[in-house]
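Heads up, final28.pdb below (PDB, C-alpha atoms):
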```pdb
ATOM      1  CA  MET A   1      -2.180 -12.640  -9.640
ATOM      2  CA  THR A   2      -2.908  -9.571 -11.746
ATOM      3  CA  SER A   3      -0.877  -7.818 -14.389
ATOM      4  CA  ALA A   4       0.692  -4.489 -13.438
ATOM      5  CA  PRO A   5       3.700  -2.373 -14.406
ATOM      6  CA  GLN A   6       6.901  -3.353 -12.609
ATOM      7  CA  ARG A   7       9.972  -1.168 -12.065
ATOM      8  CA  THR A   8      13.675  -1.826 -12.244
ATOM      9  CA  ALA A   9      16.067   0.401 -10.337
ATOM     10  CA  GLY A  10      17.943   2.626 -12.735
ATOM     11  CA  ASN A  11      15.417   2.108 -15.549
ATOM     12  CA  SER A  12      12.269   4.196 -15.680
ATOM     13  CA  ALA A  13      10.595   2.063 -18.371
ATOM     14  CA  PRO A  14       7.944  -0.270 -16.895
ATOM     15  CA  VAL A  15       7.894  -3.944 -17.729
ATOM     16  CA  ARG A  16       4.793  -6.100 -17.611
ATOM     17  CA  GLY A  17       4.457  -8.983 -15.209
ATOM     18  CA  ARG A  18       2.395 -10.608 -12.492
ATOM     19  CA  GLN A  19       1.925  -8.516  -9.403
ATOM     20  CA  THR A  20       1.706 -10.286  -6.044
ATOM     21  CA  LEU A  21      -0.695  -8.090  -4.109
ATOM     22  CA  PRO A  22      -0.315  -9.271  -0.489
ATOM     23  CA  TRP A  23       3.166  -7.807   0.031
ATOM     24  CA  HIS A  24       1.908  -4.452  -1.290
ATOM     25  CA  ALA A  25      -0.314  -4.240   1.805
ATOM     26  CA  ASP A  26       0.003  -1.128   3.926
ATOM     27  CA  PRO A  27       1.136  -2.941   7.129
ATOM     28  CA  TYR A  28       4.174  -4.386   5.340
ATOM     29  CA  SER A  29       5.028  -1.198   3.445
ATOM     30  CA  ASP A  30       4.637   0.910   6.573
ATOM     31  CA  ALA A  31       6.881  -1.409   8.582
ATOM     32  CA  LEU A  32       9.623  -1.264   5.945
ATOM     33  CA  ARG A  33       9.434   2.517   5.749
ATOM     34  CA  THR A  34       9.832   2.890   9.509
ATOM     35  CA  GLY A  35      12.119  -0.101  10.040
ATOM     36  CA  ARG A  36       9.955  -1.275  12.957
ATOM     37  CA  GLY A  37       7.245  -3.783  13.751
ATOM     38  CA  PRO A  38       5.236  -5.350  15.091
ATOM     39  CA  LEU A  39       4.394  -7.361  11.988
ATOM     40  CA  PHE A  40       3.037 -10.893  11.628
ATOM     41  CA  LEU A  41       1.784 -13.513   9.256
ATOM     42  CA  ARG A  42      -1.736 -14.163  10.507
ATOM     43  CA  ARG A  43      -2.747 -17.687   9.568
ATOM     44  CA  ALA A  44      -6.280 -18.563   8.572
ATOM     45  CA  ASP A  45      -6.563 -20.522  11.847
ATOM     46  CA  GLY A  46      -5.766 -17.320  13.777
ATOM     47  CA  GLY A  47      -2.184 -18.191  14.663
ATOM     48  CA  LEU A  48       0.457 -15.465  14.413
ATOM     49  CA  LEU A  49       3.999 -15.929  13.061
ATOM     50  CA  PRO A  50       6.198 -12.910  13.932
ATOM     51  CA  LEU A  51       8.119 -11.198  11.130
ATOM     52  CA  ASP A  52      11.473  -9.780  12.254
ATOM     53  CA  VAL A  53      11.294  -6.367  10.591
ATOM     54  CA  GLU A  54      13.928  -4.776  12.824
ATOM     55  CA  ARG A  55      16.461  -7.458  11.889
ATOM     56  CA  TRP A  56      15.610  -7.179   8.202
ATOM     57  CA  CYS A  57      16.221  -3.421   8.306
ATOM     58  CA  ALA A  58      19.470  -3.621  10.312
ATOM     59  CA  GLU A  59      22.985  -4.514   9.225
ATOM     60  CA  PRO A  60      23.676  -8.247   8.673
ATOM     61  CA  ASP A  61      24.021 -10.209  11.914
ATOM     62  CA  ALA A  62      26.222 -13.231  12.661
ATOM     63  CA  ALA A  63      23.796 -15.643  11.004
ATOM     64  CA  ASP A  64      23.601 -13.465   7.882
ATOM     65  CA  ARG A  65      27.384 -13.212   7.754
ATOM     66  CA  SER A  66      27.669 -17.006   7.770
ATOM     67  CA  VAL A  67      25.607 -16.960   4.559
ATOM     68  CA  LEU A  68      27.470 -14.034   3.004
ATOM     69  CA  ALA A  69      30.788 -15.831   3.508
ATOM     70  CA  ARG A  70      29.511 -18.721   1.371
ATOM     71  CA  CYS A  71      28.321 -16.569  -1.546
ATOM     72  CA  ARG A  72      30.322 -16.919  -4.741
ATOM     73  CA  GLY A  73      30.285 -14.872  -7.937
ATOM     74  CA  THR A  74      27.074 -13.131  -8.971
ATOM     75  CA  VAL A  75      24.241 -13.231  -6.427
ATOM     76  CA  LEU A  76      20.461 -13.032  -6.834
ATOM     77  CA  ASP A  77      18.573 -12.326  -3.598
ATOM     78  CA  ILE A  78      15.037 -13.681  -4.103
ATOM     79  CA  GLY A  79      12.642 -11.740  -1.901
ATOM     80  CA  CYS A  80      15.323  -9.242  -0.883
ATOM     81  CA  GLY A  81      13.095  -7.201   1.436
ATOM     82  CA  PRO A  82      14.745  -3.933   2.523
ATOM     83  CA  GLY A  83      18.048  -5.133   1.074
ATOM     84  CA  ARG A  84      20.510  -5.676   3.913
ATOM     85  CA  LEU A  85      22.147  -8.615   2.102
ATOM     86  CA  VAL A  86      22.141  -6.871  -1.283
ATOM     87  CA  ARG A  87      23.961  -3.907   0.265
ATOM     88  CA  ALA A  88      26.520  -6.079   2.049
ATOM     89  CA  LEU A  89      27.247  -8.188  -1.029
ATOM     90  CA  THR A  90      27.583  -5.108  -3.222
ATOM     91  CA  ARG A  91      30.065  -3.599  -0.764
ATOM     92  CA  ALA A  92      32.021  -6.871  -0.868
ATOM     93  CA  GLY A  93      32.355  -6.609  -4.651
ATOM     94  CA  HIS A  94      29.719  -9.098  -5.807
ATOM     95  CA  ARG A  95      27.466  -8.209  -8.714
ATOM     96  CA  THR A  96      24.182  -8.508  -6.883
ATOM     97  CA  LEU A  97      20.503  -8.024  -7.690
ATOM     98  CA  GLY A  98      17.581  -8.144  -5.303
ATOM     99  CA  ILE A  99      14.094  -8.945  -6.542
ATOM    100  CA  ASP A 100      10.930  -8.343  -4.536
ATOM    101  CA  VAL A 101       7.256  -7.765  -5.287
ATOM    102  CA  SER A 102       7.069  -4.970  -2.692
ATOM    103  CA  PRO A 103       7.666  -1.421  -3.990
ATOM    104  CA  ALA A 104       8.620  -0.328  -0.452
ATOM    105  CA  ALA A 105      11.276  -3.054  -0.251
ATOM    106  CA  VAL A 106      12.770  -2.140  -3.612
ATOM    107  CA  THR A 107      12.772   1.570  -2.757
ATOM    108  CA  ARG A 108      14.564   1.000   0.542
ATOM    109  CA  THR A 109      17.151  -1.277  -1.084
ATOM    110  CA  VAL A 110      17.937   1.224  -3.827
ATOM    111  CA  ARG A 111      18.136   4.180  -1.445
ATOM    112  CA  ALA A 112      20.721   2.267   0.575
ATOM    113  CA  GLY A 113      22.894   1.736  -2.504
ATOM    114  CA  GLY A 114      21.754  -1.701  -3.643
ATOM    115  CA  ARG A 115      20.417  -2.797  -7.013
ATOM    116  CA  ALA A 116      16.858  -4.109  -6.945
ATOM    117  CA  ARG A 117      13.986  -4.899  -9.254
ATOM    118  CA  GLU A 118      10.274  -4.969  -8.469
ATOM    119  CA  GLN A 119       9.062  -8.317  -9.768
ATOM    120  CA  SER A 120       8.009 -11.861  -8.936
ATOM    121  CA  VAL A 121      10.560 -14.665  -9.044
ATOM    122  CA  PHE A 122       8.180 -16.422 -11.453
ATOM    123  CA  ASP A 123       8.587 -13.655 -14.042
ATOM    124  CA  PRO A 124      11.669 -13.443 -16.324
ATOM    125  CA  VAL A 125      14.795 -12.459 -14.372
ATOM    126  CA  PRO A 126      17.741 -10.518 -15.841
ATOM    127  CA  ASP A 127      20.640 -12.829 -16.781
ATOM    128  CA  GLU A 128      18.396 -15.843 -16.250
ATOM    129  CA  GLY A 129      20.362 -19.092 -16.198
ATOM    130  CA  GLY A 130      23.634 -17.365 -15.324
ATOM    131  CA  TRP A 131      23.521 -16.506 -11.612
ATOM    132  CA  ASP A 132      26.197 -18.169  -9.472
ATOM    133  CA  THR A 133      24.417 -17.912  -6.113
ATOM    134  CA  GLY A 134      20.745 -17.603  -5.187
ATOM    135  CA  LEU A 135      19.378 -16.658  -1.768
ATOM    136  CA  LEU A 136      16.064 -17.720  -0.230
ATOM    137  CA  LEU A 137      16.391 -16.415   3.327
ATOM    138  CA  ASP A 138      14.029 -15.073   6.018
ATOM    139  CA  GLY A 139      11.422 -17.735   5.258
ATOM    140  CA  ASN A 140      11.361 -17.090   1.514
ATOM    141  CA  ILE A 141      11.276 -20.794   0.684
ATOM    142  CA  GLY A 142       7.590 -20.165   1.426
ATOM    143  CA  ILE A 143       7.097 -17.877  -1.601
ATOM    144  CA  GLY A 144       4.057 -19.012  -3.571
ATOM    145  CA  GLY A 145       3.228 -21.785  -1.105
ATOM    146  CA  ASP A 146       4.705 -24.425  -3.439
ATOM    147  CA  PRO A 147       8.342 -25.349  -2.609
ATOM    148  CA  SER A 148       8.633 -27.709  -5.570
ATOM    149  CA  ALA A 149       7.645 -24.977  -8.030
ATOM    150  CA  LEU A 150       9.991 -22.488  -6.387
ATOM    151  CA  LEU A 151      12.972 -24.862  -6.399
ATOM    152  CA  ASP A 152      12.258 -25.794  -9.997
ATOM    153  CA  ARG A 153      12.163 -22.101 -10.901
ATOM    154  CA  ALA A 154      15.451 -21.471  -9.048
ATOM    155  CA  ALA A 155      17.080 -24.249 -11.074
ATOM    156  CA  ARG A 156      16.249 -22.325 -14.253
ATOM    157  CA  ILE A 157      17.433 -18.980 -12.879
ATOM    158  CA  LEU A 158      20.817 -20.121 -11.583
ATOM    159  CA  SER A 159      23.674 -21.471 -13.663
ATOM    160  CA  PRO A 160      24.077 -25.282 -13.809
ATOM    161  CA  SER A 161      26.993 -24.961 -11.362
ATOM    162  CA  GLY A 162      25.190 -22.457  -9.141
ATOM    163  CA  SER A 163      24.342 -22.786  -5.451
ATOM    164  CA  LEU A 164      21.071 -21.970  -3.721
ATOM    165  CA  MET A 165      21.149 -20.991  -0.039
ATOM    166  CA  VAL A 166      17.922 -21.608   1.824
ATOM    167  CA  GLU A 167      16.895 -20.746   5.379
ATOM    168  CA  THR A 168      14.688 -23.427   6.916
ATOM    169  CA  ALA A 169      12.341 -23.337   9.884
ATOM    170  CA  LEU A 170      14.016 -26.298  11.616
ATOM    171  CA  ALA A 171      17.551 -27.677  11.563
ATOM    172  CA  ALA A 172      18.687 -30.970  10.072
ATOM    173  CA  GLY A 173      17.810 -33.857  12.353
ATOM    174  CA  ASN A 174      14.815 -32.126  13.890
ATOM    175  CA  ILE A 175      11.207 -33.165  13.407
ATOM    176  CA  GLU A 176       9.616 -33.017   9.983
ATOM    177  CA  LEU A 177       7.929 -29.709   9.168
ATOM    178  CA  ASP A 178       6.186 -29.330   5.833
ATOM    179  CA  GLU A 179       3.166 -27.058   5.903
ATOM    180  CA  ARG A 180       1.254 -24.807   3.549
ATOM    181  CA  PHE A 181      -1.321 -22.359   4.799
ATOM    182  CA  GLN A 182      -3.314 -19.257   3.979
ATOM    183  CA  ALA A 183      -2.044 -16.092   5.665
ATOM    184  CA  ARG A 184      -2.243 -12.308   5.659
ATOM    185  CA  VAL A 185       0.352  -9.694   6.589
ATOM    186  CA  ASP A 186      -0.949  -8.214   9.838
ATOM    187  CA  ASP A 187       0.346  -5.475  12.140
ATOM    188  CA  GLY A 188      -1.326  -6.906  15.238
ATOM    189  CA  ARG A 189      -3.404  -3.769  15.609
ATOM    190  CA  GLY A 190      -6.222  -4.519  13.185
ATOM    191  CA  ALA A 191      -4.636  -3.729   9.782
ATOM    192  CA  SER A 192      -4.024  -6.621   7.399
ATOM    193  CA  GLY A 193      -3.451  -7.292   3.725
ATOM    194  CA  ALA A 194      -4.834  -9.718   1.156
ATOM    195  CA  ALA A 195      -4.741 -13.475   1.749
ATOM    196  CA  PHE A 196      -2.046 -15.596   0.088
ATOM    197  CA  THR A 197      -0.546 -19.077   0.364
ATOM    198  CA  TRP A 198       2.745 -19.581   2.214
ATOM    199  CA  ALA A 199       4.916 -22.575   3.177
ATOM    200  CA  ARG A 200       7.304 -23.542   5.978
ATOM    201  CA  LEU A 201       9.867 -26.359   5.741
ATOM    202  CA  SER A 202      12.360 -28.128   7.940
ATOM    203  CA  CYS A 203      15.758 -29.023   6.508
ATOM    204  CA  HIS A 204      14.545 -32.618   6.191
ATOM    205  CA  ALA A 205      11.561 -31.553   4.074
ATOM    206  CA  LEU A 206      13.776 -29.270   1.983
ATOM    207  CA  THR A 207      16.058 -32.234   1.249
ATOM    208  CA  ARG A 208      13.078 -34.245   0.073
ATOM    209  CA  TYR A 209      11.798 -31.477  -2.192
ATOM    210  CA  GLY A 210      15.307 -30.959  -3.517
ATOM    211  CA  THR A 211      15.596 -34.599  -4.515
ATOM    212  CA  THR A 212      12.515 -34.328  -6.737
ATOM    213  CA  THR A 213      13.578 -31.028  -8.340
ATOM    214  CA  GLY A 214      17.212 -31.762  -9.123
ATOM    215  CA  TRP A 215      18.926 -30.345  -6.018
ATOM    216  CA  THR A 216      21.198 -31.950  -3.430
ATOM    217  CA  VAL A 217      21.810 -30.537   0.057
ATOM    218  CA  ALA A 218      25.576 -30.074   0.061
ATOM    219  CA  GLU A 219      25.851 -28.410   3.469
ATOM    220  CA  HIS A 220      23.671 -27.415   6.389
ATOM    221  CA  TRP A 221      24.437 -25.418   9.503
ATOM    222  CA  THR A 222      22.919 -23.484  12.377
ATOM    223  CA  GLU A 223      24.067 -20.013  13.433
ATOM    224  CA  ALA A 224      22.534 -17.820  16.144
ATOM    225  CA  GLY A 225      19.426 -19.984  16.267
ATOM    226  CA  ARG A 226      18.758 -19.838  12.525
ATOM    227  CA  HIS A 227      19.061 -22.814  10.160
ATOM    228  CA  PHE A 228      20.497 -22.891   6.645
ATOM    229  CA  ALA A 229      21.259 -25.262   3.804
ATOM    230  CA  VAL A 230      23.293 -24.996   0.603
ATOM    231  CA  LEU A 231      21.705 -26.723  -2.379
ATOM    232  CA  ARG A 232      23.607 -27.690  -5.515
ATOM    233  CA  ARG A 233      22.354 -29.229  -8.724
ATOM    234  CA  SER A 234      22.045 -33.008  -8.883
ATOM    235  CA  ALA A 235      22.802 -35.016 -12.006
ATOM    236  CA  ALA A 236      19.044 -35.510 -12.532
ATOM    237  CA  PRO A 237      15.916 -35.105 -10.446
ATOM    238  CA  THR A 238      14.286 -38.154  -8.900
ATOM    239  CA  THR A 239      10.575 -38.700  -9.483
ATOM    240  CA  GLY A 240       8.068 -40.897  -7.768
TER     241      GLY A 240
END
```

Structure rendered as structure tokens:
Amino acid sequence: MTSAPQRTAGNSAPVRGRQTLPWHADPYSDALRTGRGPLFLRRADGGLLPLDVERWCAEPDAADRSVLARCRGTVLDIGCGPGRLVRALTRAGHRTLGIDVSPAAVTRTVRAGGRAREQSVFDPVPDEGGWDTGLLLDGNIGIGGDPSALLDRAARILSPSGSLMVETALAAGNIELDERFQARVDDGRGASGAAFTWARLSCHALTRYGTTTGWTVAEHWTEAGRHFAVLRRSAAPTTG
């Protein structure tokens, strides 16, 4: 992480914070500007995980709408990408903010009428401790490659009665999936960005991480082949 100016939509004054370089890579920015892939996470072992740029840049689909229907009050979209959920929630009357380390993502969100801020989730967030709903969709439970740290951070960002909605790689009841790996954003044609650490979790693994960070899985569901869970604050985290 390096320090660099960060921008907030509607405020030209820069703020200082940690800049996550990988998602500034040209393949990712170019894909968001055009709204098209192909785009992948290229693992250090050579494996490719496709990134669904076209879906991210489209209107919310049935799976997205199942999440939107569960949002309550003010909503923080962590890793908002090009902002399809920020736009939809704003239209529905929610006070919504998207945060993302990618300038291209923030620009696209703002141009579409959403409110977004260029920053890491690990930097101070506006109205910290008061958000009613947090979103970690499209694989964003992988941010930073440390689910425990991310869930702990979300607990400080949301209100004590807030809910966190997380998309998982596998549904409840499926096999355990809990992996961390080095990856680069790659366009499949030879262009790639800087290496970073990412994570993928099943719902079962998410439940386990939640238990140790003060979260309880209150609901889980599958829609259109995608898997989601709603986390709410527990009385106290369990250690050991």

Using only C-alpha atoms, give me every residue within 10 Å of (10.9, -29.0, 12.7) in file coordinates, as a CSV table (one decimal) with C-alpha atoms, in the coordinates of the input.
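Ended up saving to selection-v6.csv:
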```csv
chain,number,residue,atom,x,y,z
A,168,THR,CA,14.7,-23.4,6.9
A,169,ALA,CA,12.3,-23.3,9.9
A,170,LEU,CA,14.0,-26.3,11.6
A,171,ALA,CA,17.6,-27.7,11.6
A,172,ALA,CA,18.7,-31.0,10.1
A,173,GLY,CA,17.8,-33.9,12.4
A,174,ASN,CA,14.8,-32.1,13.9
A,175,ILE,CA,11.2,-33.2,13.4
A,176,GLU,CA,9.6,-33.0,10.0
A,177,LEU,CA,7.9,-29.7,9.2
A,178,ASP,CA,6.2,-29.3,5.8
A,200,ARG,CA,7.3,-23.5,6.0
A,201,LEU,CA,9.9,-26.4,5.7
A,202,SER,CA,12.4,-28.1,7.9
A,203,CYS,CA,15.8,-29.0,6.5
A,204,HIS,CA,14.5,-32.6,6.2
A,205,ALA,CA,11.6,-31.6,4.1
```

For CA of Gly35 in chain A and CA of Leu51 in chain A, the interatomic separation in Å (one decimal):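 Atom-to-atom, CA of Gly35 in chain A and CA of Leu51 in chain A are spaced 11.8 Å apart.
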
A:Val67, A:Ala58, A:Leu136, A:Leu206: which is nearest Leu164 in chain A, counting all atoms listed in the file? A:Leu136

Taking all atoms of range 153-171 of chain A that the file lists and extending 3 Å past them on each side, where is the centre of the axis-aligned box and how long are its edges? Answer in Å to one decimal, as JSON.
```
{"center_x": 19.6, "center_y": -23.3, "center_z": -1.3, "size_x": 20.8, "size_y": 14.7, "size_z": 31.9}
```

Determine, using only C-alpha atoms, which residues of range 78-177 of chain A have any atom at most 10 Å from an atom of range 194-198 of chain A, and tabulate each with its shortest atom pair and distance in Å to one decimal place, rows ordered by chain and then rising number, as a tab-separated table.
```
residue	atom	partner	partner_atom	distance
A:Gly139	CA	A:Trp198	CA	9.4
A:Asn140	CA	A:Trp198	CA	9.0
A:Ile141	CA	A:Trp198	CA	8.8
A:Gly142	CA	A:Trp198	CA	4.9
A:Ile143	CA	A:Trp198	CA	6.0
A:Gly144	CA	A:Trp198	CA	6.0
A:Gly145	CA	A:Trp198	CA	4.0
A:Asp146	CA	A:Trp198	CA	7.7
A:Pro147	CA	A:Trp198	CA	9.4
```

CA of Cys71 in chain A to CA of Ala155 in chain A, distance in Å rounded to a single decimal: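 Computed distance, CA of Cys71 in chain A to CA of Ala155 in chain A, equals 16.6 Å.
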
Selected by the PyMOL selection byres ((chain A and resi 108) around 10) in the shown coordinates: which residues, as a list in words? Leu32, Arg33, Gly35, Cys57, Gly81, Pro82, Gly83, Arg84, Pro103, Ala104, Ala105, Val106, Thr107, Thr109, Val110, Arg111, Ala112, Gly113, Gly114 and Ala116 of chain A

Nearest residue to Asp64 in chain A from the set A:Phe122, A:Gly79, A:Gly193, A:Val86 (distances using all atoms listed in the file): A:Val86

Residue among A:Ala183, A:Ser148, A:Ala62, A:Thr90 lying closest to Glu223 in chain A, counting all atoms listed in the file: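 Between A:Ala183, A:Ser148, A:Ala62, A:Thr90, the residue approaching Glu223 in chain A most closely is A:Ala62.
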
Measuring between all atoms listed in the file, which one of A:Val166, A:Ala69, A:Ala63, A:Val185 shows the shortest distance to Phe228 in chain A?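 Looking only at the distances to Phe228 in chain A, the closest residue turns out to be A:Val166.
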
Find the distance between CA of Asp100 in chain A and CA of Asp123 in chain A and write it in Å to one decimal.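 Going from CA of Asp100 in chain A over to CA of Asp123 in chain A, I get 11.1 Å.
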
Quick one: apply the PyMOL selection byres ((chain A and resi 127) around 10) to the file and drop the selected residues here as a list of chain:residue names. A:Leu76, A:Pro124, A:Val125, A:Pro126, A:Glu128, A:Gly129, A:Gly130, A:Trp131, A:Ile157, A:Leu158, A:Ser159

Expansion of the PyMOL selection byres ((chain A and resi 37) around 7) into residues, as a list in words: Ala31, Arg36, Pro38, Leu39, Val53 and Glu54 of chain A
